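What follows is the content of structure_4.csv (CSV, C-alpha atoms).
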chain,number,residue,atom,x,y,z
A,1,MET,CA,85.1,112.7,64.3
A,2,PHE,CA,85.2,109.6,66.5
A,3,THR,CA,83.1,108.6,69.4
A,4,GLY,CA,84.6,107.4,72.7
A,5,ASP,CA,83.5,103.9,72.0
A,6,GLU,CA,85.2,104.0,68.6
A,7,MET,CA,88.5,105.2,70.2
A,8,ALA,CA,88.2,102.7,73.0
A,9,ALA,CA,87.7,99.9,70.4
A,10,LEU,CA,90.7,101.2,68.5
A,11,CYS,CA,92.9,101.1,71.6
A,12,THR,CA,91.7,97.5,72.3
A,13,ALA,CA,92.6,96.6,68.7
A,14,MET,CA,96.0,98.1,69.2
A,15,GLY,CA,96.6,96.0,72.3
A,16,VAL,CA,96.9,99.1,74.5
A,17,THR,CA,96.7,98.5,78.2
A,18,HIS,CA,96.9,102.1,79.5
A,19,VAL,CA,95.8,105.4,78.0
A,20,VAL,CA,97.8,108.3,79.6
A,21,SER,CA,95.9,111.5,78.9
A,22,VAL,CA,95.0,115.1,79.5
A,23,ALA,CA,91.6,116.0,78.4
A,24,ASP,CA,90.6,118.6,75.8
A,25,SER,CA,87.2,119.2,74.3
A,26,THR,CA,87.6,116.4,71.8
A,27,ILE,CA,89.7,113.9,73.9
A,28,GLY,CA,87.8,114.5,77.2
A,29,PRO,CA,84.6,113.0,75.9
A,30,TRP,CA,86.4,109.8,75.0
A,31,HIS,CA,87.6,109.2,78.6
A,32,PRO,CA,84.4,107.6,79.9
A,33,ALA,CA,84.3,105.0,77.2
A,34,ILE,CA,88.0,104.3,77.8
A,35,GLU,CA,87.4,103.9,81.5
A,36,ARG,CA,84.6,101.4,81.1
A,37,THR,CA,86.4,99.3,78.6
A,38,ASP,CA,87.8,96.0,80.0
A,39,GLY,CA,91.5,95.7,79.7
A,40,LEU,CA,92.0,99.5,79.4
A,41,ARG,CA,93.1,101.8,82.2
A,42,LEU,CA,92.9,105.6,81.9
A,43,VAL,CA,95.8,107.4,83.7
A,44,ARG,CA,95.1,111.1,84.1
A,45,VAL,CA,98.1,113.3,84.4
A,46,CYS,CA,98.3,117.0,85.4
A,47,ARG,CA,100.4,118.1,82.4
A,48,GLU,CA,101.4,116.5,79.2
A,49,GLY,CA,105.1,116.3,79.9
A,50,GLU,CA,104.2,113.8,82.6
A,51,ALA,CA,102.3,111.6,80.1
A,52,TRP,CA,105.5,110.6,78.3
A,53,ALA,CA,107.2,109.7,81.6
A,54,VAL,CA,104.3,107.7,82.9
A,55,ALA,CA,104.1,105.9,79.5
A,56,ALA,CA,107.8,105.2,79.7
A,57,GLY,CA,107.5,103.6,83.1
A,58,LEU,CA,104.5,101.5,81.9
A,59,TYR,CA,106.4,100.4,78.8
A,60,LEU,CA,109.5,99.4,80.9
A,61,GLY,CA,107.2,97.5,83.2
A,62,GLY,CA,105.8,95.5,80.3
A,63,ALA,CA,102.6,97.3,79.6
A,64,THR,CA,101.5,98.9,76.3
A,65,PRO,CA,100.7,102.5,76.9
A,66,LEU,CA,99.3,105.2,74.6
A,67,VAL,CA,99.7,108.9,75.1
A,68,MET,CA,96.6,110.9,74.3
A,69,ILE,CA,96.9,114.6,74.4
A,70,GLN,CA,96.2,117.8,72.5
A,71,CYS,CA,98.8,119.5,70.3
A,72,THR,CA,99.2,122.3,72.9
A,73,GLY,CA,100.3,119.5,75.2
A,74,LEU,CA,102.8,118.3,72.6
A,75,PHE,CA,104.3,121.8,72.7
A,76,GLU,CA,104.5,121.6,76.5
A,77,SER,CA,106.1,118.1,76.4
A,78,GLY,CA,109.4,119.0,74.7
A,79,ASP,CA,112.1,117.9,77.0
A,80,ALA,CA,110.3,114.9,78.5
A,81,LEU,CA,109.5,113.7,74.9
A,82,ARG,CA,113.1,114.2,73.8
A,83,ASN,CA,114.4,112.2,76.7
A,84,ILE,CA,111.9,109.3,76.5
A,85,LEU,CA,111.7,108.9,72.7
A,86,HIS,CA,115.2,109.8,71.7
A,87,ASP,CA,117.6,109.2,74.6
A,88,TRP,CA,115.9,106.1,75.9
A,89,LYS,CA,114.4,105.3,72.4
A,90,LEU,CA,111.2,104.0,73.8
A,91,PRO,CA,108.6,103.3,71.1
A,92,ILE,CA,105.7,105.2,72.6
A,93,PHE,CA,102.7,105.9,70.3
A,94,SER,CA,100.5,108.9,70.7
A,95,VAL,CA,97.2,110.2,69.6
A,96,ILE,CA,97.4,114.0,69.3
A,97,GLY,CA,94.5,116.3,68.9
A,98,TYR,CA,95.0,118.9,66.2
A,99,ARG,CA,93.3,122.0,67.6
A,100,SER,CA,91.3,124.2,65.2
A,101,TYR,CA,92.1,122.1,62.2
A,102,LEU,CA,88.5,121.6,61.1
A,103,ASN,CA,87.1,124.8,62.5
A,104,GLN,CA,88.6,128.1,63.6
A,105,THR,CA,85.4,129.8,64.8
A,106,THR,CA,86.5,129.6,68.5
A,107,LEU,CA,90.1,130.7,67.8
A,108,PRO,CA,90.5,132.5,64.5
A,109,GLY,CA,94.1,132.4,63.4
A,110,ASP,CA,95.0,129.6,65.9
A,111,THR,CA,98.7,129.2,65.8
A,112,CYS,CA,98.4,125.5,66.5
A,113,LEU,CA,97.9,125.3,62.8
A,114,VAL,CA,101.2,126.9,62.2
A,115,PHE,CA,103.3,124.9,64.6
A,116,THR,CA,101.9,121.5,65.2
A,117,GLU,CA,103.2,119.6,62.2
A,118,PRO,CA,106.6,121.4,62.2
A,119,VAL,CA,107.0,120.5,65.8
A,120,LEU,CA,106.2,116.8,65.1
A,121,ASP,CA,108.7,116.9,62.3
A,122,ALA,CA,111.3,118.6,64.6
A,123,TRP,CA,110.9,115.8,67.2
A,124,ARG,CA,111.2,113.2,64.4
A,125,ILE,CA,107.8,111.7,65.2
A,126,GLU,CA,106.3,110.0,62.2
A,127,TYR,CA,102.6,110.9,62.1
A,128,ARG,CA,99.5,110.3,60.1
A,129,LEU,CA,97.1,113.2,59.7
A,130,ILE,CA,93.5,112.0,60.3
A,131,THR,CA,90.9,114.4,59.0
A,132,ALA,CA,87.9,112.0,58.3
A,133,PRO,CA,86.3,109.1,60.1
A,134,ALA,CA,87.0,106.9,57.1
A,135,GLN,CA,90.7,107.0,58.0
A,136,ARG,CA,90.3,105.1,61.3
A,137,ASP,CA,92.0,102.1,59.9
A,138,GLU,CA,95.0,104.2,59.0
A,139,ILE,CA,95.6,104.8,62.7
A,140,LEU,CA,95.7,101.1,63.4
A,141,ALA,CA,98.0,100.4,60.4
A,142,HIS,CA,100.4,103.2,61.4
A,143,TYR,CA,100.4,102.0,65.0
A,144,MET,CA,101.2,98.4,63.9
A,145,ALA,CA,104.0,99.6,61.6
A,146,CYS,CA,105.6,101.6,64.4
A,147,ARG,CA,105.2,98.8,66.8
A,148,ASP,CA,106.8,96.3,64.4
A,149,ALA,CA,109.7,98.8,63.8
A,150,SER,CA,110.0,99.5,67.5
A,151,LYS,CA,109.8,103.2,67.0
A,152,PRO,CA,107.5,106.0,68.2
A,153,GLY,CA,104.7,107.4,66.1
A,154,ALA,CA,101.6,109.5,66.3
A,155,ALA,CA,98.1,109.9,64.9
A,156,LEU,CA,97.3,113.5,64.5
A,157,ILE,CA,93.6,113.8,64.7
A,158,ALA,CA,91.9,116.9,63.4
A,159,GLU,CA,89.7,118.7,65.9
A,160,GLY,CA,86.9,121.0,65.4
A,161,LYS,CA,87.1,123.5,68.2
A,162,ALA,CA,89.4,124.6,71.0
B,163,MET,CA,114.6,121.7,104.6
B,164,ARG,CA,115.2,124.5,107.0
B,165,ASP,CA,118.4,126.5,107.3
B,166,GLY,CA,120.4,125.5,110.3
B,167,ALA,CA,118.4,122.4,110.9
B,168,GLU,CA,119.9,119.0,111.3
B,169,ARG,CA,120.6,117.2,108.1
B,170,MET,CA,121.9,113.7,107.2
B,171,GLU,CA,124.4,113.0,104.6
B,172,GLN,CA,122.8,111.8,101.4
B,173,MET,CA,125.2,109.0,101.0
B,174,ASP,CA,124.3,107.7,104.5
B,175,ALA,CA,120.6,108.0,103.7
B,176,LEU,CA,121.1,106.0,100.5
B,177,ARG,CA,123.3,103.4,102.2
B,178,ALA,CA,120.4,102.7,104.6
B,179,LEU,CA,118.0,102.4,101.7
B,180,HIS,CA,120.5,100.2,99.8
B,181,ALA,CA,120.7,97.8,102.7
B,182,ALA,CA,116.9,97.7,103.2
B,183,ARG,CA,115.6,97.4,99.7
B,184,ARG,CA,114.6,93.9,98.5
B,185,ALA,CA,116.2,92.3,95.4
B,186,ASP,CA,112.8,92.4,93.6
B,187,ASP,CA,112.3,96.2,94.2
B,188,VAL,CA,112.9,98.6,91.4
B,189,VAL,CA,114.8,101.7,92.5
B,190,ILE,CA,114.8,104.7,90.3
B,191,THR,CA,117.3,107.5,91.1
B,192,SER,CA,117.8,110.9,89.6
B,193,MET,CA,120.6,113.5,89.5
B,194,GLY,CA,122.8,113.4,92.7
B,195,ALA,CA,121.0,110.4,94.0
B,196,ALA,CA,121.7,108.5,90.8
B,197,ARG,CA,125.4,109.4,91.2
B,198,ASP,CA,125.6,108.1,94.7
B,199,TRP,CA,123.4,105.1,94.1
B,200,MET,CA,125.7,103.9,91.3
B,201,VAL,CA,128.6,104.2,93.8
B,202,LEU,CA,126.7,101.9,96.2
B,203,GLY,CA,125.9,99.5,93.4
B,204,ALA,CA,122.8,99.5,91.3
B,205,GLY,CA,121.0,96.2,90.9
B,206,PRO,CA,119.7,94.7,87.6
B,207,LEU,CA,116.2,96.1,88.3
B,208,ASP,CA,117.4,99.6,89.1
B,209,LEU,CA,117.1,102.6,86.9
B,210,PRO,CA,119.7,105.3,87.4
B,211,LEU,CA,117.9,107.9,85.3
B,212,VAL,CA,120.8,109.2,83.4
B,213,PRO,CA,120.3,110.9,81.0
B,214,SER,CA,117.1,112.4,82.3
B,215,SER,CA,114.5,115.0,81.7
B,216,MET,CA,114.7,116.7,85.1
B,217,GLY,CA,111.5,116.1,87.1
B,218,THR,CA,110.3,113.0,85.4
B,219,ALA,CA,111.5,110.3,87.8
B,220,PRO,CA,108.3,110.2,90.0
B,221,THR,CA,106.1,109.7,87.0
B,222,ILE,CA,108.3,107.1,85.4
B,223,GLY,CA,108.0,105.4,88.8
B,224,LEU,CA,104.3,105.7,88.7
B,225,GLY,CA,104.2,104.0,85.3
B,226,LEU,CA,106.4,101.2,86.5
B,227,ALA,CA,104.3,100.8,89.7
B,228,LEU,CA,101.1,100.5,87.7
B,229,ALA,CA,102.7,98.0,85.3
B,230,GLN,CA,104.3,95.9,88.0
B,231,PRO,CA,101.8,96.0,90.9
B,232,ALA,CA,103.3,93.0,92.7
B,233,ARG,CA,106.7,94.7,93.3
B,234,ARG,CA,107.7,97.8,95.1
B,235,VAL,CA,108.9,100.8,93.0
B,236,ILE,CA,111.1,103.2,94.9
B,237,VAL,CA,111.9,106.6,93.5
B,238,VAL,CA,114.7,108.8,94.9
B,239,ASN,CA,114.2,112.4,93.7
B,240,GLY,CA,115.8,115.7,94.6
B,241,ASP,CA,114.0,118.8,95.7
B,242,GLY,CA,114.9,120.8,92.6
B,243,ALA,CA,113.6,118.1,90.4
B,244,MET,CA,110.5,117.8,92.6
B,245,LEU,CA,109.8,121.5,92.1
B,246,MET,CA,109.9,121.1,88.4
B,247,ASN,CA,107.0,118.7,88.5
B,248,LEU,CA,105.0,119.3,91.6
B,249,GLY,CA,101.9,118.3,89.8
B,250,SER,CA,103.2,114.7,89.6
B,251,LEU,CA,102.4,114.4,93.3
B,252,VAL,CA,98.7,114.8,92.4
B,253,THR,CA,99.1,112.5,89.4
B,254,ILE,CA,100.5,109.8,91.6
B,255,THR,CA,97.8,110.1,94.3
B,256,ALA,CA,95.1,110.1,91.6
B,257,ALA,CA,96.3,106.7,90.5
B,258,ALA,CA,97.2,105.7,94.0
B,259,PRO,CA,99.5,102.7,93.5
B,260,ALA,CA,100.0,101.0,96.8
B,261,ASN,CA,103.5,99.8,95.7
B,262,LEU,CA,105.1,103.2,95.0
B,263,ILE,CA,107.4,104.9,97.4
B,264,LEU,CA,108.7,108.4,96.6
B,265,ILE,CA,111.7,109.5,98.6
B,266,LEU,CA,112.6,113.2,98.4
B,267,ALA,CA,116.2,114.0,99.3
B,268,ASP,CA,115.9,117.7,100.1
B,269,ASN,CA,119.1,119.7,100.3
B,270,GLY,CA,117.6,123.0,99.2
B,271,VAL,CA,120.0,123.5,96.3
B,272,TYR,CA,120.7,122.5,92.7
B,273,GLU,CA,123.7,120.6,93.9
B,274,VAL,CA,125.2,119.5,90.6
B,275,THR,CA,125.2,123.0,89.2
B,276,ASP,CA,127.2,124.5,92.1
B,277,ALA,CA,124.5,124.6,94.7
B,278,GLN,CA,122.3,127.5,93.7
B,279,PRO,CA,119.3,127.7,96.1
B,280,THR,CA,116.0,126.3,94.7
B,281,PRO,CA,112.9,128.5,94.8
B,282,GLY,CA,111.7,126.3,97.6
B,283,SER,CA,114.5,126.9,100.0
B,284,PRO,CA,114.9,129.8,102.5
B,285,GLY,CA,117.9,131.2,100.7
B,286,ALA,CA,115.8,132.0,97.6
B,287,ARG,CA,112.6,133.1,99.1
B,288,ALA,CA,111.5,136.6,99.9
B,289,ASP,CA,110.1,135.6,103.3
B,290,GLY,CA,113.0,133.3,104.2
B,291,THR,CA,110.7,130.4,104.8
B,292,SER,CA,111.0,126.9,103.4
B,293,VAL,CA,108.5,125.1,101.2
B,294,ASP,CA,106.9,122.4,103.4
B,295,PHE,CA,107.1,119.3,101.2
B,296,GLU,CA,105.7,117.1,104.0
B,297,ALA,CA,102.6,119.2,104.1
B,298,ILE,CA,102.3,119.3,100.3
B,299,ALA,CA,102.5,115.5,100.2
B,300,ARG,CA,99.8,115.2,102.9
B,301,ALA,CA,97.6,117.7,101.1
B,302,CYS,CA,98.0,115.8,97.8
B,303,GLY,CA,96.7,112.6,99.4
B,304,PHE,CA,99.7,110.3,99.9
B,305,ARG,CA,98.5,107.5,102.1
B,306,SER,CA,101.7,107.3,104.1
B,307,VAL,CA,104.0,110.3,104.8
B,308,PHE,CA,107.3,110.3,106.7
B,309,HIS,CA,109.9,112.9,107.5
B,310,PHE,CA,113.4,112.1,108.7
B,311,ARG,CA,116.1,114.5,109.8
B,312,ASP,CA,118.8,112.2,111.0
B,313,ALA,CA,120.4,109.2,109.4
B,314,GLU,CA,120.2,107.0,112.5
B,315,ARG,CA,116.5,107.3,112.8
B,316,TRP,CA,116.1,106.8,109.1
B,317,ALA,CA,118.2,103.7,109.1
B,318,THR,CA,116.2,102.3,112.0
B,319,ASP,CA,112.9,102.9,110.4
B,320,VAL,CA,113.6,102.4,106.7
B,321,VAL,CA,112.2,98.8,106.5
B,322,ARG,CA,109.0,99.9,108.2
B,323,VAL,CA,108.7,102.8,105.9
B,324,LEU,CA,109.2,100.7,102.8
B,325,ASP,CA,106.5,98.3,104.1
B,326,ALA,CA,103.9,101.0,104.7
B,327,THR,CA,100.9,101.1,102.4
B,328,GLY,CA,101.5,103.4,99.5
B,329,PRO,CA,101.6,105.6,97.8
B,330,THR,CA,104.2,106.6,100.3
B,331,PHE,CA,106.1,109.9,100.5
B,332,VAL,CA,109.3,110.2,102.5
B,333,LEU,CA,111.1,113.5,103.1
B,334,LEU,CA,114.7,113.3,104.0
B,335,ASP,CA,116.6,116.4,105.1
B,336,VAL,CA,120.0,115.9,103.5
B,337,GLY,CA,123.1,118.2,103.2
B,338,SER,CA,124.6,119.2,99.9
B,339,VAL,CA,128.1,118.2,98.9
B,340,PRO,CA,130.1,121.2,97.8
B,341,GLY,CA,131.7,120.7,94.5
B,342,SER,CA,129.8,117.6,93.6
B,343,THR,CA,129.2,116.7,90.0
B,344,GLY,CA,126.3,115.3,88.1
B,345,PRO,CA,125.9,111.6,87.5
B,346,ARG,CA,127.7,110.0,84.6
B,347,SER,CA,125.7,107.7,82.3
B,348,PRO,CA,126.5,104.1,83.1
B,349,GLY,CA,126.0,103.2,79.4
B,350,PRO,CA,123.8,103.6,76.4
B,351,ALA,CA,120.3,104.4,77.6
B,352,ALA,CA,118.4,102.5,74.9
B,353,ALA,CA,120.3,99.3,75.7
B,354,ARG,CA,119.7,99.7,79.4
B,355,ALA,CA,116.0,100.3,78.7
B,356,VAL,CA,115.7,97.1,76.7
B,357,GLU,CA,117.6,95.1,79.4
B,358,LEU,CA,115.4,96.5,82.2
B,359,ARG,CA,112.2,95.6,80.3
B,360,ARG,CA,113.6,92.2,79.7
B,361,GLN,CA,114.5,91.7,83.3
B,362,LEU,CA,111.1,92.9,84.5
B,363,SER,CA,109.3,90.7,82.0
B,364,ALA,CA,111.4,87.7,83.0
B,365,ALA,CA,110.7,88.3,86.7
B,366,ALA,CA,107.1,89.4,86.1
B,367,LYS,CA,105.6,86.2,87.6
B,368,LEU,CA,106.1,87.1,91.2
B,369,PRO,CA,104.3,85.0,93.8
B,370,GLY,CA,101.6,87.5,94.2
B,371,PRO,CA,101.1,90.9,95.8
B,372,THR,CA,103.9,91.4,98.2
B,373,HIS,CA,102.7,94.7,99.4
B,374,PRO,CA,99.6,95.7,101.3

Have the structure of the file written as structure tokens, please.
Amino acid sequence: MFTGDEMAALCTAMGVTHVVSVADSTIGPWHPAIERTDGLRLVRVCREGEAWAVAAGLYLGGATPLVMIQCTGLFESGDALRNILHDWKLPIFSVIGYRSYLNQTTLPGDTCLVFTEPVLDAWRIEYRLITAPAQRDEILAHYMACRDASKPGAALIAEGKA
Amino acid sequence: MRDGAERMEQMDALRALHAARRADDVVITSMGAARDWMVLGAGPLDLPLVPSSMGTAPTIGLGLALAQPARRVIVVNGDGAMLMNLGSLVTITAAAPANLILILADNGVYEVTDAQPTPGSPGARADGTSVDFEAIARACGFRSVFHFRDAERWATDVVRVLDATGPTFVLLDVGSVPGSTGPRSPGPAAARAVELRRQLSAAAKLPGPTHP
């Protein structure tokens, strides 16, 4: 849906300094563009739960981090996310890939479609579902609104394959 | 940690660190180390990670080290928490911040829940061996790796260790304290986060890299 250059430009427009990420087949191809963008640093983590903690440290240190993971990693993130977003109330924004939303040919009946949005609701993360390139500005607008309110938020980006 | 081996008391180990740390260092402590660090006196740039998500202290330290490259970030973690997030050792060395020091206080047990053995300690392993955290840290690519078994040697060397080029991994063999409890939160977490960020922002203009 988006190219790496488009996502890197979006991060720059958001004022993001660090993208903390685990790759998937949609997010991974964005990494090279993020890495070559001045003012952006890609921080690769081994599992998604770590991403929230790295982002927390970056935020406490005065940086502007963005967590970029797949929805399966959101499921994995539970306790770290709870602690960072709700105990410490850190306004970490995330871009979450919504596996199989556009195309279930790889994984027919993918249960990511069952659980992703209820899990975001359960964790009280306000999100915007992005299903078309024309919605790019919605991501920026939602990010700015969350930043101004000093609360976490997410852009849930539809993906086409596992 | 090996059964029957010499171990220092955690409080002695932390006391030496407390004396050696610089005022502009950030010290992050978790679980039993947070409890004891608060007894010794946490500074305004310190983060007793209470409440915590067990295992996240090293990666919070990584983020702080990347955001604040001109100051040292010292993380004191336990072995149970380390085992919950061993991959963080690889995450840290991938980013390789020279200003991050990860201290692992290894007592072999989940101390605050009545000292059940961790899966890394001889008491919980089929072959009775101990997981070798020092070897793991070296294999993961930490630039400086140290292992101390007694408090006197640690107290003698701690300044040199903190000055080593990071990322640095320090293994301390410590004893557990029977009947010890978990750390009590020193106050509302959100307010402490705001204050730490403010303190770090206010002090952000350090004279320059103070670390190799």

Could you list, with a cut-off of 7 Å and counting all atoms listed in the file, the residues of chain B near chain A, each shown with its nearest atom pair and the distance in Å rounded to one decimal, rows sorted by chain and ascending number, as JSON lines?
{"residue": "B:Ser214", "atom": "CA", "partner": "A:Asn83", "partner_atom": "CA", "distance": 6.2}
{"residue": "B:Ser215", "atom": "CA", "partner": "A:Ala80", "partner_atom": "CA", "distance": 5.3}
{"residue": "B:Thr218", "atom": "CA", "partner": "A:Ala53", "partner_atom": "CA", "distance": 5.9}
{"residue": "B:Thr221", "atom": "CA", "partner": "A:Val54", "partner_atom": "CA", "distance": 4.9}
{"residue": "B:Ile222", "atom": "CA", "partner": "A:Gly57", "partner_atom": "CA", "distance": 4.3}
{"residue": "B:Gly223", "atom": "CA", "partner": "A:Gly57", "partner_atom": "CA", "distance": 6.0}
{"residue": "B:Leu224", "atom": "CA", "partner": "A:Val54", "partner_atom": "CA", "distance": 6.1}
{"residue": "B:Gly225", "atom": "CA", "partner": "A:Gly57", "partner_atom": "CA", "distance": 4.0}
{"residue": "B:Leu226", "atom": "CA", "partner": "A:Gly57", "partner_atom": "CA", "distance": 4.3}
{"residue": "B:Leu228", "atom": "CA", "partner": "A:Leu58", "partner_atom": "CA", "distance": 6.8}
{"residue": "B:Ala229", "atom": "CA", "partner": "A:Gly61", "partner_atom": "CA", "distance": 5.0}
{"residue": "B:Gln230", "atom": "CA", "partner": "A:Gly61", "partner_atom": "CA", "distance": 5.8}
{"residue": "B:Gly249", "atom": "CA", "partner": "A:Cys46", "partner_atom": "CA", "distance": 5.8}
{"residue": "B:Ser250", "atom": "CA", "partner": "A:Cys46", "partner_atom": "CA", "distance": 6.9}
{"residue": "B:Thr253", "atom": "CA", "partner": "A:Val45", "partner_atom": "CA", "distance": 5.2}
{"residue": "B:Ala257", "atom": "CA", "partner": "A:Val43", "partner_atom": "CA", "distance": 6.9}
{"residue": "B:Ala351", "atom": "CA", "partner": "A:Trp88", "partner_atom": "CA", "distance": 5.0}
{"residue": "B:Ala352", "atom": "CA", "partner": "A:Trp88", "partner_atom": "CA", "distance": 4.5}
{"residue": "B:Ala355", "atom": "CA", "partner": "A:Trp88", "partner_atom": "CA", "distance": 6.4}
{"residue": "B:Leu358", "atom": "CA", "partner": "A:Leu60", "partner_atom": "CA", "distance": 6.7}
{"residue": "B:Arg359", "atom": "CA", "partner": "A:Leu60", "partner_atom": "CA", "distance": 4.7}
{"residue": "B:Leu362", "atom": "CA", "partner": "A:Gly61", "partner_atom": "CA", "distance": 6.2}
{"residue": "B:Ser363", "atom": "CA", "partner": "A:Gly62", "partner_atom": "CA", "distance": 6.2}

Env of Pro133 (chain A): 12 Å cut, atoms = only C-alpha atoms, seq-sep filter 2 positions within chain, self excluded. Answer as a list of chain:residue names.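 Here the answer would be A:Met1, A:Phe2, A:Thr3, A:Glu6, A:Met7, A:Leu129, A:Ile130, A:Thr131, A:Gln135, A:Arg136, A:Asp137, A:Glu138, A:Ile139, A:Ile157, A:Ala158, A:Glu159.
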
Length of the CA of Ser94 (chain A) to CA of Ala155 (chain A) vector [Å]: 6.4 Å

Could you check the closest approach to Ala122 (chain A) for each of A:Met144, A:Ile96, A:Ala134, A:Leu74 and tell me which residue wins, using only C-alpha atoms? A:Leu74

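Note that the spacing between CA of Ala260 (chain B) and CA of Pro231 (chain B) amounts to 7.9 Å.
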
What's around region 205-208 of chain B at 10 Å? Count all atoms listed in the file, leave out sequence neighbours fewer than 2 positions away in its own chain, and write the answer as an NGL selection string. :B and (180 or 185-191 or 199-200 or 202-203 or 210-211 or 235-237 or 354 or 357-362 or 365)

To one decimal in Å, tell me the separation between CA of Gly194 (chain B) and CA of Val274 (chain B).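 Separating CA of Gly194 (chain B) from CA of Val274 (chain B) is a distance of 6.9 Å.
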
If we count all atoms listed in the file, what is near Val332 (chain B) at a cut-off of 12 Å, once residues fewer than 4 positions away on the same chain are taken out, given as a PyMOL selection string? chain B and resi 175+179+236-241+262-268+295-300+304-311+316+319-320+322-324+326+328

Filtering to C-alpha atoms, could you give me those residues as a compact mmCIF listing (two decimals), keeping the file's coordinate frame?
# COMPACT_ATOMS: atom_id res chain seq x y z
CA ALA B 175 120.60 108.00 103.70
CA LEU B 179 118.00 102.40 101.70
CA ILE B 236 111.10 103.20 94.90
CA VAL B 237 111.90 106.60 93.50
CA VAL B 238 114.70 108.80 94.90
CA ASN B 239 114.20 112.40 93.70
CA GLY B 240 115.80 115.70 94.60
CA ASP B 241 114.00 118.80 95.70
CA LEU B 262 105.10 103.20 95.00
CA ILE B 263 107.40 104.90 97.40
CA LEU B 264 108.70 108.40 96.60
CA ILE B 265 111.70 109.50 98.60
CA LEU B 266 112.60 113.20 98.40
CA ALA B 267 116.20 114.00 99.30
CA ASP B 268 115.90 117.70 100.10
CA PHE B 295 107.10 119.30 101.20
CA GLU B 296 105.70 117.10 104.00
CA ALA B 297 102.60 119.20 104.10
CA ILE B 298 102.30 119.30 100.30
CA ALA B 299 102.50 115.50 100.20
CA ARG B 300 99.80 115.20 102.90
CA PHE B 304 99.70 110.30 99.90
CA ARG B 305 98.50 107.50 102.10
CA SER B 306 101.70 107.30 104.10
CA VAL B 307 104.00 110.30 104.80
CA PHE B 308 107.30 110.30 106.70
CA HIS B 309 109.90 112.90 107.50
CA PHE B 310 113.40 112.10 108.70
CA ARG B 311 116.10 114.50 109.80
CA TRP B 316 116.10 106.80 109.10
CA ASP B 319 112.90 102.90 110.40
CA VAL B 320 113.60 102.40 106.70
CA ARG B 322 109.00 99.90 108.20
CA VAL B 323 108.70 102.80 105.90
CA LEU B 324 109.20 100.70 102.80
CA ALA B 326 103.90 101.00 104.70
CA GLY B 328 101.50 103.40 99.50

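Counting all atoms listed in the file and comparing A:Ser77, A:Tyr127, A:Met68, A:Leu140, the residue that lies closest to Ala9 (chain A) is A:Leu140.
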
Pick out the residues sitting within 12 Å of Val114 (chain A), and hand them over as a ChimeraX atom specification; count all atoms listed in the file, and ignore anything fewer than 5 positions along from it in its own chain. /A:71-72,98-101,109,119-120
